[in-house]
Every structure is written in C-alpha cells, then in structure tokens.
$ cat work38.txt   # compact mmCIF, C-alpha atoms
# COMPACT_ATOMS: atom_id res chain seq x y z
CA MET A 1 90.74 151.72 105.34
CA THR A 2 90.91 148.27 103.83
CA GLU A 3 89.75 145.12 105.57
CA ASP A 4 93.34 144.02 105.99
CA SER A 5 94.37 147.21 107.70
CA LEU A 6 91.25 147.08 109.90
CA PHE A 7 92.13 143.58 110.95
CA GLU A 8 95.75 144.59 111.46
CA ALA A 9 94.68 147.36 113.81
CA ALA A 10 92.27 145.09 115.68
CA PHE A 11 94.98 142.46 115.99
CA ARG A 12 97.43 144.95 117.46
CA ASP A 13 94.80 146.15 119.93
CA ALA A 14 93.97 142.58 120.94
CA PHE A 15 97.64 141.78 121.36
CA ALA A 16 98.25 144.83 123.51
CA ALA A 17 95.25 144.06 125.70
CA ARG A 18 95.37 140.27 125.86
CA PHE A 19 98.90 138.97 125.52
CA ALA A 20 100.05 139.71 129.07
CA PRO A 21 96.90 138.29 130.79
CA LEU A 22 96.99 135.23 128.56
CA TYR A 23 100.66 134.68 129.34
CA ARG A 24 100.06 135.15 133.07
CA TYR A 25 97.19 132.67 133.04
CA LEU A 26 99.20 130.11 131.05
CA ASN A 27 102.20 130.58 133.29
CA ARG A 28 100.05 129.81 136.33
CA LEU A 29 98.38 126.92 134.55
CA THR A 30 101.49 125.23 133.20
CA GLY A 31 104.14 126.26 135.72
CA ASP A 32 106.50 126.65 132.78
CA PRO A 33 107.21 130.26 131.70
CA GLU A 34 108.79 129.21 128.40
CA LEU A 35 105.91 126.97 127.52
CA ALA A 36 103.44 129.65 128.56
CA SER A 37 105.17 132.21 126.34
CA ASP A 38 105.27 129.80 123.43
CA ILE A 39 101.60 128.85 123.70
CA ALA A 40 100.51 132.47 124.13
CA GLN A 41 102.45 133.49 121.01
CA GLN A 42 101.14 130.51 119.10
CA ALA A 43 97.56 131.43 120.03
CA PHE A 44 98.12 134.90 118.58
CA VAL A 45 99.73 133.34 115.50
CA ARG A 46 96.50 131.40 115.01
CA LEU A 47 94.51 134.58 115.46
CA PHE A 48 96.61 136.37 112.84
CA GLU A 49 96.29 133.44 110.45
CA ARG A 50 92.53 133.51 110.95
CA GLY A 51 92.45 136.89 109.24
CA MET A 52 89.40 138.16 111.11
CA MET A 53 88.59 138.84 114.72
CA PRO A 54 86.37 136.33 116.53
CA ASP A 55 83.22 137.47 118.37
CA ASP A 56 84.90 137.14 121.75
CA PRO A 57 88.68 137.30 121.32
CA ARG A 58 89.33 136.67 125.02
CA VAL A 59 87.45 133.37 125.05
CA TRP A 60 88.71 132.43 121.58
CA LEU A 61 92.34 132.95 122.56
CA VAL A 62 92.08 130.99 125.77
CA THR A 63 90.25 128.14 124.02
CA VAL A 64 93.00 127.94 121.39
CA ALA A 65 95.61 128.09 124.15
CA HIS A 66 93.89 125.20 125.96
CA ASN A 67 93.98 123.13 122.78
CA LEU A 68 97.63 123.94 122.22
CA PHE A 69 98.46 123.07 125.80
CA ARG A 70 96.60 119.78 125.51
CA ASP A 71 98.49 118.95 122.32
CA GLU A 72 101.74 119.89 123.97
CA ARG A 73 101.05 117.64 126.94
CA ARG A 74 100.26 114.79 124.64
CA ARG A 75 103.49 115.34 122.76
CA SER A 76 105.73 115.61 125.73
CA ALA A 77 105.43 113.58 128.90
CA ARG A 78 108.40 115.47 130.22
CA ARG A 79 106.46 118.70 130.18
CA ARG A 80 103.56 117.06 132.00
CA ARG A 81 105.87 116.31 134.88
CA LEU A 82 107.05 119.90 135.01
CA LEU A 83 103.87 121.07 136.66
CA ALA A 84 104.46 118.87 139.67
CA ARG A 85 108.20 119.28 139.80
CA ARG A 86 108.66 122.89 138.91
CA THR A 87 109.22 124.90 142.04
CA ALA A 88 109.91 128.40 143.08
CA ASP A 89 113.07 128.81 141.07
CA THR A 90 111.22 129.00 137.74
CA THR A 91 110.08 132.60 137.98
CA ILE A 92 112.16 135.66 138.53
CA ALA A 93 110.99 138.69 140.40
CA ASP A 94 111.38 142.13 138.91
CA ALA A 95 113.48 143.46 141.74
CA ALA A 96 115.51 141.53 144.26
CA PRO A 97 113.44 141.37 147.48
CA ALA A 98 114.84 141.33 150.97
CA PRO A 99 116.08 137.89 152.10
CA ASP A 100 113.16 137.21 154.48
CA GLU A 101 110.66 138.37 151.91
CA ALA A 102 112.31 136.27 149.24
CA VAL A 103 112.11 133.15 151.40
CA LEU A 104 108.46 133.83 152.23
CA THR A 105 107.58 134.42 148.57
CA ALA A 106 109.39 131.29 147.50
CA GLU A 107 107.46 129.25 150.08
CA GLN A 108 104.16 130.75 148.98
CA ARG A 109 104.99 130.10 145.37
CA ALA A 110 105.84 126.49 146.11
CA THR A 111 102.63 126.11 148.11
CA ALA A 112 100.52 127.59 145.32
CA ARG A 113 102.22 125.45 142.69
CA ALA A 114 101.81 122.26 144.71
CA ALA A 115 98.17 123.05 145.52
CA LEU A 116 97.37 123.70 141.84
CA ALA A 117 99.08 120.47 140.91
CA ARG A 118 96.58 118.59 143.06
CA LEU A 119 93.62 119.90 141.07
CA SER A 120 92.34 118.43 137.85
CA THR A 121 93.09 120.32 134.65
CA ARG A 122 89.52 121.59 134.42
CA GLU A 123 89.52 122.75 138.05
CA ARG A 124 92.80 124.58 137.48
CA GLN A 125 91.45 126.21 134.34
CA LEU A 126 88.23 127.32 136.01
CA LEU A 127 89.93 128.64 139.10
CA LEU A 128 92.73 130.47 137.32
CA LEU A 129 90.46 131.95 134.64
CA ARG A 130 88.12 133.14 137.36
CA TYR A 131 91.02 135.00 138.97
CA GLU A 132 91.72 136.52 135.53
CA GLY A 133 88.23 138.05 135.72
CA TYR A 134 86.38 135.74 133.33
CA SER A 135 82.62 135.69 133.80
CA TYR A 136 80.75 132.43 134.29
CA ALA A 137 79.51 132.57 130.70
CA GLU A 138 83.07 132.99 129.45
CA LEU A 139 84.28 130.20 131.71
CA ALA A 140 81.60 127.90 130.29
CA ALA A 141 82.62 128.71 126.73
CA ALA A 142 86.34 128.43 127.36
CA THR A 143 86.22 125.15 129.28
CA HIS A 144 83.32 123.50 127.44
CA VAL A 145 81.07 123.03 130.47
CA GLU A 146 77.40 123.84 130.90
CA PRO A 147 76.92 127.45 132.07
CA THR A 148 74.66 126.27 134.89
CA SER A 149 77.43 123.97 136.18
CA VAL A 150 80.11 126.62 136.42
CA GLY A 151 79.14 127.80 139.92
CA THR A 152 79.15 124.28 141.34
CA LEU A 153 82.39 123.29 139.62
CA LEU A 154 84.06 126.50 140.67
CA ALA A 155 82.93 126.05 144.29
CA ARG A 156 84.44 122.54 144.29
CA ALA A 157 87.64 123.77 142.71
CA THR A 158 87.91 126.56 145.26
CA VAL A 159 87.38 124.21 148.20
CA ALA A 160 89.87 121.71 146.75
CA PHE A 161 92.45 124.45 146.25
CA ARG A 162 92.05 125.79 149.80
CA ARG A 163 92.32 122.33 151.28
CA ALA A 164 95.41 121.68 149.21
CA VAL A 165 96.93 124.98 150.32
CA GLU A 166 96.22 124.17 153.95
CA GLY A 167 97.64 120.69 153.48
CA GLU A 168 100.75 122.11 151.90
CA GLY A 169 101.03 124.71 154.62
CA HIS A 170 100.93 122.00 157.31
CA ALA A 171 103.34 119.84 155.38
CA SER A 172 105.89 122.62 154.97
CA ARG A 173 105.87 123.46 158.67
CA MET B 1 67.47 126.72 154.60
CA HIS B 2 70.96 128.12 154.05
CA LEU B 3 72.53 129.06 150.76
CA ALA B 4 74.22 126.36 148.71
CA ASP B 5 77.98 126.46 148.15
CA ALA B 6 77.44 127.22 144.46
CA ASP B 7 75.23 130.20 145.35
CA LEU B 8 77.76 131.51 147.84
CA GLN B 9 80.46 131.05 145.21
CA SER B 10 78.40 132.96 142.65
CA LEU B 11 77.78 135.77 145.11
CA ALA B 12 81.47 135.93 146.01
CA ASP B 13 82.31 136.02 142.31
CA GLY B 14 79.79 138.80 141.72
CA GLU B 15 77.67 136.66 139.39
CA SER B 16 73.92 136.96 139.05
CA LEU B 17 71.82 134.17 140.51
CA ALA B 18 69.48 133.98 137.53
CA GLY B 19 66.38 135.63 138.97
CA ARG B 20 66.92 134.50 142.54
CA ASP B 21 68.94 137.53 143.56
CA PRO B 22 66.20 139.27 145.61
CA VAL B 23 65.36 136.11 147.56
CA THR B 24 69.00 135.27 148.13
CA LEU B 25 69.92 138.74 149.19
CA ALA B 26 66.94 138.82 151.55
CA HIS B 27 68.11 135.57 153.08
CA LEU B 28 71.63 136.88 153.45
CA ALA B 29 70.35 139.94 155.24
CA SER B 30 68.46 137.82 157.74
CA CYS B 31 70.92 134.87 158.14
CA PRO B 32 74.12 135.59 160.04
CA ALA B 33 75.51 132.11 159.20
CA CYS B 34 75.26 132.61 155.42
CA ALA B 35 76.46 136.20 155.70
CA GLY B 36 79.45 134.95 157.66
CA ALA B 37 80.08 132.22 155.09
CA LEU B 38 80.03 134.78 152.30
CA ALA B 39 82.41 137.03 154.20
CA ARG B 40 84.79 134.10 154.74
CA ALA B 41 84.57 133.19 151.07
CA LEU B 42 85.45 136.74 150.04
CA ASP B 43 88.31 136.79 152.50
CA ALA B 44 89.60 133.47 151.21
CA GLN B 45 89.33 134.71 147.64
CA ALA B 46 91.55 137.64 148.48
CA ARG B 47 94.11 135.36 150.09
CA ASP B 48 94.01 132.94 147.16
CA ALA B 49 94.46 135.78 144.69
CA GLU B 50 97.48 136.98 146.61
CA LEU B 51 98.91 133.46 146.76
CA LEU B 52 98.41 132.90 143.05
CA GLY B 53 100.03 136.27 142.39
CA THR B 54 103.31 134.89 143.72
CA LEU B 55 103.44 132.62 140.68
CA ASP B 56 103.62 135.55 138.29
CA GLY B 57 106.89 136.57 136.71
CA PRO B 58 107.79 139.22 134.20
CA VAL B 59 105.88 139.02 130.94
CA PRO B 60 108.21 138.24 128.03
CA ALA B 61 108.81 141.15 125.70
CA VAL B 62 107.04 139.97 122.58
CA SER B 63 105.80 142.36 119.94
CA PRO B 64 102.89 141.80 117.56
CA ASP B 65 105.38 142.08 114.71
CA ALA B 66 107.28 139.10 116.10
CA VAL B 67 104.05 137.12 116.16
CA LYS B 68 103.31 138.16 112.58
CA ALA B 69 106.79 137.07 111.53
CA ARG B 70 106.22 133.73 113.23
CA ALA B 71 102.92 133.35 111.38
CA ALA B 72 104.62 134.16 108.07
CA HIS B 73 107.33 131.59 108.80
CA ALA B 74 104.72 128.94 109.61
CA LEU B 75 102.91 129.78 106.39
CA ARG B 76 106.12 129.42 104.37
CA LEU B 77 106.76 126.04 105.97
CA ARG B 78 103.28 124.82 105.18
CA ARG B 79 103.55 126.01 101.58
CA ALA B 80 106.92 124.33 101.17
CA ARG B 81 105.53 121.05 102.52
CA ARG B 82 102.52 121.28 100.22
CA ARG B 83 104.77 122.07 97.24
CA THR B 84 107.00 119.09 98.03
CA ALA B 85 103.99 116.82 98.32
CA MET B 86 102.59 118.08 95.02
CA VAL B 87 105.91 117.65 93.21
CA GLY B 88 106.19 114.12 94.58
CA ALA B 89 102.65 113.28 93.51
CA ALA B 90 103.22 114.74 90.04
CA TRP B 91 106.44 112.79 89.65
CA LEU B 92 104.75 109.56 90.65
CA LEU B 93 101.85 110.23 88.30
CA GLY B 94 104.21 111.00 85.43
CA ALA B 95 106.24 107.89 86.09
CA ALA B 96 103.09 105.77 86.22
CA VAL B 97 101.82 107.22 82.91
CA ALA B 98 105.19 106.77 81.24
CA ALA B 99 105.46 103.22 82.50
CA ALA B 100 102.00 102.46 81.14
CA MET B 101 102.92 103.54 77.59
CA VAL B 102 103.87 100.52 75.46
CA ALA B 103 106.69 102.21 73.57
CA SER B 104 108.06 104.03 76.57
CA PRO B 105 111.70 103.34 77.45
CA LEU B 106 110.66 103.79 81.06
CA ARG B 107 108.31 100.87 80.71
CA HIS B 108 111.15 98.81 79.27
CA LEU B 109 113.39 99.79 82.17
CA ALA B 110 110.65 99.05 84.67
CA ILE B 111 109.96 95.61 83.20
CA ARG B 112 113.67 94.80 83.17
CA ALA B 113 114.00 95.92 86.78
CA VAL B 114 111.00 93.82 87.80
CA LYS B 115 112.45 90.79 86.04
CA GLN B 116 115.81 91.30 87.69
CA VAL B 117 114.15 91.58 91.07
CA ALA B 118 112.07 88.47 90.38
CA ALA B 119 115.15 86.56 89.23
CA ALA B 120 117.09 87.68 92.26
CA GLY B 121 114.20 86.57 94.43
CA THR B 122 114.15 83.16 92.75
CA ASN B 123 117.88 82.79 93.15
CA ARG B 124 117.71 83.77 96.76
CA LYS B 125 114.97 81.27 97.31
CA ALA B 126 117.03 78.56 95.63
CA VAL B 127 120.05 79.38 97.70
CA THR B 128 118.20 79.47 100.96
CA HIS B 129 115.82 76.59 100.49
CA ARG B 130 116.67 74.35 97.64
CA VAL B 131 120.40 73.82 97.79
CA PRO B 132 120.37 71.43 100.72
CA VAL B 133 117.84 69.10 99.10
CA THR B 134 118.95 69.31 95.46
CA PRO B 135 120.42 65.98 94.38
CA PRO B 136 123.83 66.01 92.76
CA PRO B 137 123.70 66.24 88.97
CA PRO B 138 123.47 62.83 87.30
CA GLU B 139 126.66 61.30 85.97
CA GLY B 140 126.88 59.08 82.93
CA VAL B 141 127.87 58.72 79.30
CA ALA B 142 126.40 59.56 75.94
CA PHE B 143 127.42 58.26 72.54
CA ARG B 144 126.03 57.96 69.05
CA ALA B 145 124.35 54.62 68.44
CA GLY B 146 125.59 52.30 65.70
CA SER B 147 123.46 49.56 64.23
CA GLU B 148 123.82 47.61 67.47
CA VAL B 149 124.00 48.84 71.07
CA VAL B 150 125.12 46.66 73.96
CA VAL B 151 124.97 48.00 77.50
CA SER B 152 126.53 45.76 80.10
CA LEU B 153 126.39 46.29 83.85
CA ARG B 154 129.17 44.24 85.34
CA ALA B 155 127.45 43.27 88.55
CA ALA B 156 124.07 42.80 90.05
CA GLN B 157 123.22 45.17 92.85
CA PRO B 158 121.55 44.77 96.26
CA GLU B 159 119.21 47.58 95.27
CA GLY B 160 118.55 50.01 92.45
CA ALA B 161 116.75 49.90 89.14
CA LEU B 162 117.39 50.43 85.48
CA HIS B 163 114.89 52.49 83.56
CA VAL B 164 114.98 52.02 79.80
CA SER B 165 113.19 54.41 77.49
CA LEU B 166 113.08 54.63 73.73
CA VAL B 167 113.56 58.17 72.46
CA PRO B 168 113.80 59.90 69.11
CA GLY B 169 117.28 60.67 67.75
CA THR B 170 120.49 58.73 67.43
CA MET B 171 122.14 59.25 70.84
CA VAL B 172 122.44 56.71 73.62
CA ARG B 173 122.48 58.24 77.10
CA LEU B 174 123.13 56.34 80.31
CA THR B 175 123.03 58.22 83.59
CA GLN B 176 123.11 57.12 87.21
CA ARG B 177 121.57 58.39 90.42
CA GLY B 178 122.28 57.66 94.05
CA GLY B 179 125.53 55.72 93.88
CA PRO B 180 128.92 55.34 92.19
CA ALA B 181 129.60 53.79 88.84
CA ALA B 182 132.29 53.95 86.15
CA TYR B 183 131.83 53.67 82.40
CA ALA B 184 133.96 52.21 79.65
CA LEU B 185 132.91 52.69 76.05
CA THR B 186 133.26 49.75 73.71
CA ALA B 187 132.88 49.40 69.93
CA SER B 188 129.19 48.65 70.25
CA GLY B 189 128.23 50.21 73.55
CA VAL B 190 129.30 50.70 77.12
CA VAL B 191 130.40 48.60 80.08
CA VAL B 192 129.38 49.84 83.51
CA GLU B 193 131.56 49.09 86.53
CA ASN B 194 128.88 49.04 89.20
CA ALA B 195 130.05 46.39 91.64
CA GLY B 196 128.89 47.27 95.17
CA SER B 197 126.88 50.24 93.95
CA THR B 198 123.30 50.97 94.89
CA ALA B 199 122.75 53.41 92.04
CA SER B 200 119.77 53.51 89.74
CA PHE B 201 120.26 54.08 86.02
CA ASP B 202 118.38 55.78 83.24
CA LEU B 203 119.09 54.46 79.77
CA GLU B 204 117.82 56.26 76.68
CA LEU B 205 117.98 54.19 73.51
CA PRO B 206 117.19 55.57 70.06
CA ILE B 207 113.87 54.23 68.97
CA THR B 208 115.36 53.67 65.52
CA VAL B 209 118.23 51.45 66.66
CA ALA B 210 117.87 48.01 65.01
CA ARG B 211 119.35 45.93 67.81
CA ALA B 212 119.97 46.70 71.47
CA GLU B 213 120.77 44.57 74.48
CA VAL B 214 121.14 45.26 78.18
CA ARG B 215 122.88 42.75 80.40
CA VAL B 216 123.35 42.70 84.14
CA ALA B 217 126.11 40.43 85.44
CA GLY B 218 126.08 38.72 82.04
CA GLN B 219 122.36 38.06 82.15
CA LEU B 220 120.18 39.51 79.42
CA VAL B 221 117.52 41.70 80.95
CA PHE B 222 116.39 43.75 77.95
CA ARG B 223 116.49 43.23 74.22
CA LYS B 224 115.22 45.20 71.24
CA LEU B 225 115.17 43.63 67.85
CA GLY B 226 113.60 45.95 65.33
CA THR B 227 110.27 46.71 66.93
CA THR B 228 110.24 43.66 69.19
CA ILE B 229 110.98 44.30 72.85
CA VAL B 230 111.93 41.62 75.35
CA PRO B 231 110.70 41.56 78.03
CA ASP B 232 107.35 42.66 76.63
CA GLY B 233 105.96 43.45 80.06
CA PRO B 234 103.84 46.34 81.19
CA ARG B 235 105.32 49.69 80.41
CA ASP B 236 105.76 52.61 82.76
CA ARG B 237 103.56 55.65 82.46
CA ASP B 238 106.20 57.36 80.36
CA GLY B 239 106.35 54.41 77.96
CA GLY B 240 109.63 53.06 79.31
CA TYR B 241 110.62 49.86 81.07
CA THR B 242 111.86 49.53 84.63
CA ILE B 243 114.07 46.60 85.48
CA SER B 244 114.96 45.91 89.07
CA LEU B 245 118.68 45.46 89.51
CA ALA B 246 118.05 43.84 92.90
CA SER B 247 116.25 40.92 91.27
CA GLN B 248 119.50 40.06 89.49
CA PHE B 249 121.37 40.01 92.79
CA PRO B 250 122.15 36.46 94.04
CA LYS B 251 120.16 35.54 97.13
CA ARG B 252 121.93 33.91 100.01
CA ARG B 253 120.85 30.41 100.67
CA ARG B 254 119.40 29.73 104.02
CA VAL B 255 121.38 27.34 106.13
CA PRO B 256 118.99 24.76 107.48
$ encode --input "work38.txt" --output "structure tokens"
Amino acid sequence: MTEDSLFEAAFRDAFAARFAPLYRYLNRLTGDPELASDIAQQAFVRLFERGMMPDDPRVWLVTVAHNLFRDERRRSARRRRLLARRTADTTIADAAPAPDEAVLTAEQRATARAALARLSTRERQLLLLRYEGYSYAELAAATHVEPTSVGTLLARATVAFRRAVEGEGHASR
Amino acid sequence: MHLADADLQSLADGESLAGRDPVTLAHLASCPACAGALARALDAQARDAELLGTLDGPVPAVSPDAVKARAAHALRLRRARRRTAMVGAAWLLGAAVAAAMVASPLRHLAIRAVKQVAAAGTNRKAVTHRVPVTPPPPEGVAFRAGSEVVVSLRAAQPEGALHVSLVPGTMVRLTQRGGPAAYALTASGVVVENAGSTASFDLELPITVARAEVRVAGQLVFRKLGTTIVPDGPRDRDGGYTISLASQFPKRRRVP
C-alpha cells in the first residue's frame, strides 16, 4: 500500500468517525446548521489538503474548526447575530413529534440556545466539547488554555450555563 | 474543609485529580455535604446533556468524496490565482525590460505617452490656474526701420511708462500693455493715438538705426543720433530706458 492510499484510508476512517460529532458540536456552538456543516466540511478539506494524519485528529479538527469559525465571525457580523437570534425553528426533527412534545422541545431548544448565548465563546467551547466527551487534556489543547485551569473554567462555565437556564426558565414562564 | 468546585467538576467529569484521588475519595466517603454536591452535579450534568440534545438536528449527508472534490476545487482556484499573479508579474517585468532598452519601440511609446501625459497635465494646470491671471496679449505694430525712425505719442498720459530698448536687427516694434491705443504708420515711423489711455509701451529700436526720435504730446523725450542717446540717464537692468509718460502730463494749477 502506498502512502497516499494509507492516508486515503485513514482520512475515510476519520471522516466516518468524526464528521457527525464535529457537525453536532459546531451546530450547538454556532446555532446555524448551514454554517456548522460548512465549517465541518472545510475542516476536513484542510485535513485532506494536509496529506497526513495529525497525532490527535479529534483535537486537530476541532482546533481548525474553531479558527474557521473565528474567521467567519470576523467576516460576517450578520452571522454573529445569528447565535442570539436563531431560535427553535432552525433545526428539524427526524420525525414529527406530537404537538405537546413539539412545543416542549421547542421551548427547551430556545432555552438552551439563549443560555448558551449568554456564555463567552470559550465557556461555550469548553462546555460543549465536554459534552462531546473530550478529556481535560483535549479541552486544553483545543481551546488553548492551561490544562490545570480546565477544571476551574469548566466549573464556572457549568454554573453560568445552569444559572442562565434557570433564568431563561423563569423568564419564559 | 470541603471540596472545591473545580474538584467536584473534575469528579463529575470522571477526570483524575492528579494524585489527590485517594484523599478526595476518602473525604467524599466521610462528608455527606460534598457527596450530596457531587450527586447534584451529576444530576445537573444529565439534565444539561438532555437540554443540549434538543439543539441537535439531522447530520447533513456529506460523503468524504464530496470533501475531496471540494479540496480539489479549492486547489484549482489557488493554482489559477497563482498562475494569474505569475503571468501578471512576468508581463510587468517584460514591459519594464523592454522599456529600459534604448532601441526598443516600447521605450519610444512609453516616452511619448509620458510626454503626452505631462503636456496634458501642464495644459490642465494652465486652464485651471493660469487663465484668470494671464494678461491679454500685447497689441502694437512692427515695421522695418528706415534711416530715420520717429515715434510720436499724441498725448501725455495720467499714468504709464514708455520703455525703450535697443535691439539687434532692423525691425521696430511698439507694443502696449494695460490700456487702449491706436497706431498709424507714417513714412518714417508711427503715430500713436493714446489720448486718455493709461497704457504702458515697449519700444524696440534697431541698434543700428542712425536716427530715432520719440515724442510725447510733441515733446521730445528720447533721441538717438548714431551712438549718442538723449537723455543719457541711468539705464535699466536690461540696458533700456524707461520714460514716465505721467511726467509729460500737464499738472493742474492750484487755485490759491
């Protein structure tokens, strides 16, 4: 097997294993499914252009995605506003739920989106990556923070998110 | 001493506490408050995970081949941009080299274009800035001098001057500035109708003319006989003579 074909196989494996989680994370982070899809694809384009697999593809991909997202936010102020304005109607469920369930899900989605919008970008990244199963070491590498600070920052982000959720819950009642 | 929030967070996240695990776990086992806090944190984590799960939608159907095609397209774009930049740079370099060659027609064209641009710039400047302040072209007469030249200004003027200069050649030139005047050529010279004018005059007399006279209101103000000049006063910087026409103008007498 040549190096190219080895890389090709590794790339396909990485895509199969990582595209969906990366998209899900970016969708939660940005609140914009189209943007999330575009950034996730672009991150894999960069990986393919690299021609060799990084040591930790999961961290590498999410770091590239963060950079792309940052560039995108700089380019477009309109997209920055999407995170705050985008509400429940941006995502589509697989199957049509019952009316009560649909209303409840839409409320929860709006609450989650609004609570995330209250966090800083780094807090959002830490929190959402943690729920994607990233270890503290991976979180430190992907968000450029000291490994020893991850626990503290994550605890603050968690508290801030819960307070925001509770605040949103009171506000929506 | 209870556990810090960061430690509780690490425990809830299943992270190691960097060598403090036995102590921490021992504390948890003996401290109902910290154990309760950890249980609440785990419970909240589950709720948060469920809440965040509501944000998820269907994953777009993208294949690795589509990503590879996108990468190939991006590569083509980059190559095209690089090629365009290189062609542009080569063209500029070639043009610069050709323009630097002395015998190059491109150099000739470039010089001509630069001159045209410079001339256009000068013209524009003249149109925009100089036209309003440019004096009207001088008016006057010119004739070939005979052996004798007589220039006669009919009237004295309230102001103005006559500048006489001796020049090589055989032509007499009389021009005026700043006021009206009419000229009538005679057999030996010219008569100037300048009554009421405030013009100044420039008179060029051939240095070789044997005899020349200038009169203002009939009064002789300048004479050249051979090489003798009257008045033989101080000359101007350019070697000519300036005669005030106002000094010939009659002064009003004061009424006592």
$ atom_distance --input "work38.txt" --atom1 "CA of Ala98 in chain B" --atom2 "CA of Val117 in chain B"
20.2 Å
$ interface_residues --input "work38.txt" --of "chain A" --to "chain B" --cutoff "7 Å" --atoms "all atoms listed in the file" --output "list in words"
Arg12, Phe15, Ala20, Tyr23, Arg24, Arg28, Ser37, Gln41, Phe44, Val45, Phe48, Glu49, Thr91, Ile92, Ala93, Asp94, Thr105, Gln108, Arg109, Ala112, Tyr131, Gly151, Thr152 and Ala155 of chain A
$ atom_distance --input "work38.txt" --atom1 "CA of Ser120 in chain A" --atom2 "CA of Arg156 in chain A"
11.0 Å
$ closest_residue --input "work38.txt" --among "A:Gln125, A:Thr2, A:Asn27, A:Thr63" --to "Arg46 in chain A" --atoms "only C-alpha atoms"
A:Thr63
$ residues_around --input "work38.txt" --residues "Ile39 in chain A" --least-positions-apart "5" --cutoff "7 Å" --atoms "all atoms listed in the file" --output "list in words"
Ala65, Leu68 and Phe69 of chain A
$ atom_distance --input "work38.txt" --atom1 "CA of Ala212 in chain B" --atom2 "CA of Gly189 in chain B"
9.2 Å
$ closest_residue --input "work38.txt" --among "B:Pro158, B:Gly218, B:Pro206, B:Pro105" --to "Ala142 in chain B" --atoms "all atoms listed in the file"
B:Pro206
$ residues_around --input "work38.txt" --residues "range 161-177 of chain B" --least-positions-apart "5" --cutoff "6 Å" --atoms "all atoms listed in the file" --output "number ranges by chain"
B: 138-145, 199-207, 240-245
$ build_atoms --input "work38.txt" --residues "range 37-44 of chain A" --atoms "all heavy atoms" --output "PDB file, in the frame of the given file"
ATOM      1  N   SER A  37     104.871 131.193 127.351  1.00  0.00           N
ATOM      2  CA  SER A  37     105.170 132.210 126.340  1.00  0.00           C
ATOM      3  C   SER A  37     104.947 131.650 124.938  1.00  0.00           C
ATOM      4  O   SER A  37     104.364 132.310 124.060  1.00  0.00           O
ATOM      5  CB  SER A  37     106.615 132.685 126.507  1.00  0.00           C
ATOM      6  OG  SER A  37     106.977 133.525 125.454  1.00  0.00           O
ATOM      7  N   ASP A  38     105.392 130.417 124.744  1.00  0.00           N
ATOM      8  CA  ASP A  38     105.270 129.800 123.430  1.00  0.00           C
ATOM      9  C   ASP A  38     103.798 129.597 123.051  1.00  0.00           C
ATOM     10  O   ASP A  38     103.385 129.909 121.932  1.00  0.00           O
ATOM     11  CB  ASP A  38     106.007 128.456 123.438  1.00  0.00           C
ATOM     12  CG  ASP A  38     106.095 127.854 122.053  1.00  0.00           C
ATOM     13  OD1 ASP A  38     106.573 128.555 121.148  1.00  0.00           O
ATOM     14  OD2 ASP A  38     105.671 126.698 121.865  1.00  0.00           O
ATOM     15  N   ILE A  39     103.019 129.102 124.001  1.00  0.00           N
ATOM     16  CA  ILE A  39     101.600 128.850 123.700  1.00  0.00           C
ATOM     17  C   ILE A  39     100.858 130.167 123.480  1.00  0.00           C
ATOM     18  O   ILE A  39     100.023 130.275 122.577  1.00  0.00           O
ATOM     19  CB  ILE A  39     100.948 128.037 124.836  1.00  0.00           C
ATOM     20  CG1 ILE A  39     101.517 126.622 124.858  1.00  0.00           C
ATOM     21  CG2 ILE A  39      99.441 127.978 124.657  1.00  0.00           C
ATOM     22  CD1 ILE A  39     100.993 125.768 126.009  1.00  0.00           C
ATOM     23  N   ALA A  40     101.174 131.172 124.298  1.00  0.00           N
ATOM     24  CA  ALA A  40     100.510 132.470 124.130  1.00  0.00           C
ATOM     25  C   ALA A  40     100.814 133.052 122.746  1.00  0.00           C
ATOM     26  O   ALA A  40      99.910 133.536 122.043  1.00  0.00           O
ATOM     27  CB  ALA A  40     100.953 133.430 125.227  1.00  0.00           C
ATOM     28  N   GLN A  41     102.087 132.990 122.339  1.00  0.00           N
ATOM     29  CA  GLN A  41     102.450 133.490 121.010  1.00  0.00           C
ATOM     30  C   GLN A  41     101.746 132.698 119.913  1.00  0.00           C
ATOM     31  O   GLN A  41     101.245 133.252 118.933  1.00  0.00           O
ATOM     32  CB  GLN A  41     103.952 133.418 120.821  1.00  0.00           C
ATOM     33  CG  GLN A  41     104.721 134.442 121.636  1.00  0.00           C
ATOM     34  CD  GLN A  41     106.207 134.346 121.363  1.00  0.00           C
ATOM     35  OE1 GLN A  41     106.646 134.440 120.226  1.00  0.00           O
ATOM     36  NE2 GLN A  41     106.972 134.138 122.415  1.00  0.00           N
ATOM     37  N   GLN A  42     101.740 131.363 120.123  1.00  0.00           N
ATOM     38  CA  GLN A  42     101.140 130.510 119.100  1.00  0.00           C
ATOM     39  C   GLN A  42      99.637 130.794 118.962  1.00  0.00           C
ATOM     40  O   GLN A  42      99.097 130.766 117.864  1.00  0.00           O
ATOM     41  CB  GLN A  42     101.368 129.035 119.479  1.00  0.00           C
ATOM     42  CG  GLN A  42     101.023 128.036 118.390  1.00  0.00           C
ATOM     43  CD  GLN A  42     101.833 128.237 117.119  1.00  0.00           C
ATOM     44  OE1 GLN A  42     103.009 128.596 117.164  1.00  0.00           O
ATOM     45  NE2 GLN A  42     101.192 128.055 115.979  1.00  0.00           N
ATOM     46  N   ALA A  43      98.987 131.088 120.096  1.00  0.00           N
ATOM     47  CA  ALA A  43      97.560 131.430 120.030  1.00  0.00           C
ATOM     48  C   ALA A  43      97.360 132.700 119.203  1.00  0.00           C
ATOM     49  O   ALA A  43      96.424 132.783 118.390  1.00  0.00           O
ATOM     50  CB  ALA A  43      97.008 131.619 121.446  1.00  0.00           C
ATOM     51  N   PHE A  44      98.246 133.670 119.380  1.00  0.00           N
ATOM     52  CA  PHE A  44      98.120 134.900 118.580  1.00  0.00           C
ATOM     53  C   PHE A  44      98.506 134.657 117.116  1.00  0.00           C
ATOM     54  O   PHE A  44      97.984 135.323 116.215  1.00  0.00           O
ATOM     55  CB  PHE A  44      98.956 136.025 119.200  1.00  0.00           C
ATOM     56  CG  PHE A  44      98.227 136.748 120.292  1.00  0.00           C
ATOM     57  CD1 PHE A  44      98.400 136.386 121.613  1.00  0.00           C
ATOM     58  CD2 PHE A  44      97.344 137.773 119.990  1.00  0.00           C
ATOM     59  CE1 PHE A  44      97.708 137.032 122.620  1.00  0.00           C
ATOM     60  CE2 PHE A  44      96.643 138.426 120.994  1.00  0.00           C
ATOM     61  CZ  PHE A  44      96.824 138.060 122.317  1.00  0.00           C
TER      62      PHE A  44
END
